[in-house]
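Each remark here refers to the structure printed beneath this line.
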Amino acid sequence: MRTELHVPSDLKFLAIVENWLLGALEVELGDHVDWTRQSNRLRLVLVEAYSNVVRHAHKDQPALPVLIRLELRERDIALELWDHGAGYDVTTYMEPTPDLMQEGGYGWLILNRLMDRVEYQLQVDGLNCLKMEASLPEPAQPM
């Protein structure tokens, strides 16, 4: 299954983005997923990624669209967010340390901890692409 959503760069559309992602996955996978656990994981990833595009890449430009693509192959998810911003050089990223008590810089850490693979490409056909992949585990069987 492959689907995509074009949405404005405005956090008021966050619930629509979340419902689109989780709704599409639930239609395809039904009760073959532990939605309590996986929906929280995917919601956090999507909120972090989409809000970073809105707040940083498209700052003060709500008319710029964000393209979100979802591909599902069996239990493997590929989620892409495409933006029109200047981009971010991930090679300069420094993982936050608890002793510094810094306010920002946790997004990349969160994405990499919750997803199996995270990749960021600068200026692909004039856009930046954040691609995240994960395999959804089978739900636990009752004993």
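Each chain of the structure tokens is named A, B, ... in the order shown, its residues numbered from 1; ligands are numbered from 1 in display order.
Inside region 25-78 of chain A, the residues DSSP reads as helix (DSSP H, G or I) when given the backbone are Leu25, Glu26, Val27, Glu28, Leu29, Trp35, Thr36, Arg37, Gln38, Ser39, Asn40, Arg41, Leu42, Arg43, Leu44, Val45, Leu46, Val47, Glu48, Ala49, Tyr50, Ser51, Asn52, Val53, Val54, Arg55, His56 and Ala57 of chain A.
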Practice prompt. List every residue of chain A that DSSP, applied to the backbone of this structure, assigns to strand (DSSP E or B), and report them as a ChimeraX atom specification.
Written response: /A:2-8,65-73,76-83,117-124,127-135
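Every protein, DNA or RNA residue with an atom at most 10 Å from Gly85 (chain A), where only C-alpha atoms count and chain neighbours fewer than 3 positions away do not, is listed here: A:Val53, A:Val54, A:His56, A:Ala57, A:His58, A:Lys59, A:Gln61, A:Leu64, A:Trp82, A:Tyr88, A:Leu122, A:Gln123, A:Gly126, A:Leu127, A:Asn128.
Of the residues listed (A:Glu80, A:Glu48, A:Glu138, A:Glu71), A:Glu48 shows the shortest atom-to-atom separation from Trp108 (chain A); distances use only C-alpha atoms.
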Practice prompt. For Val118 (chain A), list every protein, DNA or RNA residue within 10 Å, evaluated using only C-alpha atoms, and leave out those in the same chain fewer than 4 positions away; present the list as a PyMOL selection string.
Written response: chain A and resi 78-80+108+111-114+130-134
Practice prompt. Identify, on the basis of only C-alpha atoms, every residue whose closest approach to Cys129 (chain A) does not exceed 6 Å; exclude the query and any residue fewer than 4 positions from it along the same chain; express the result as a list of chain:residue names.
Written response: A:Leu81, A:Trp82, A:Tyr120, A:Gln121
Residue contacts of Pro137 (chain A) (9 Å, only C-alpha atoms) excluding same-chain residues fewer than 4 positions away, as a compact mmCIF listing (two decimals) with C-alpha atoms, in the first residue's frame:
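Output file part_30.txt follows:
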```txt
# COMPACT_ATOMS: atom_id res chain seq x y z
CA VAL A 33 -0.83 -4.97 15.35
CA ASP A 34 -0.67 -3.99 19.00
CA GLN A 38 2.53 1.09 18.07
CA ARG A 75 4.71 -5.17 8.27
```
Worksheet entry | Which of A:Glu18, A:Asp31, A:Asp76, A:Asp60 sits closest to Arg117 (chain A) [using only C-alpha atoms] | A:Asp76
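Going from CA of Asp10 (chain A) to CA of Ile68 (chain A) covers 13.9 Å.
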Worksheet entry | Using only C-alpha atoms: which of A:Ala86, A:Leu25, A:Ser51, A:Ala140 has the shortest distance to Lys12 (chain A) |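 For Lys12 (chain A), the nearest of the candidates is A:Ser51.
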Item to complete: Considering only C-alpha atoms, state which residue in the set A:Gly105, A:Pro8, A:Gly23, A:Pro98 is at the smallest distance from Val66 (chain A).
Response: A:Pro8
Worksheet entry | Between CA of Leu136 (chain A) and CA of Ile77 (chain A) - distance in Å to one decimal |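 These two atoms are separated by 7.5 Å.
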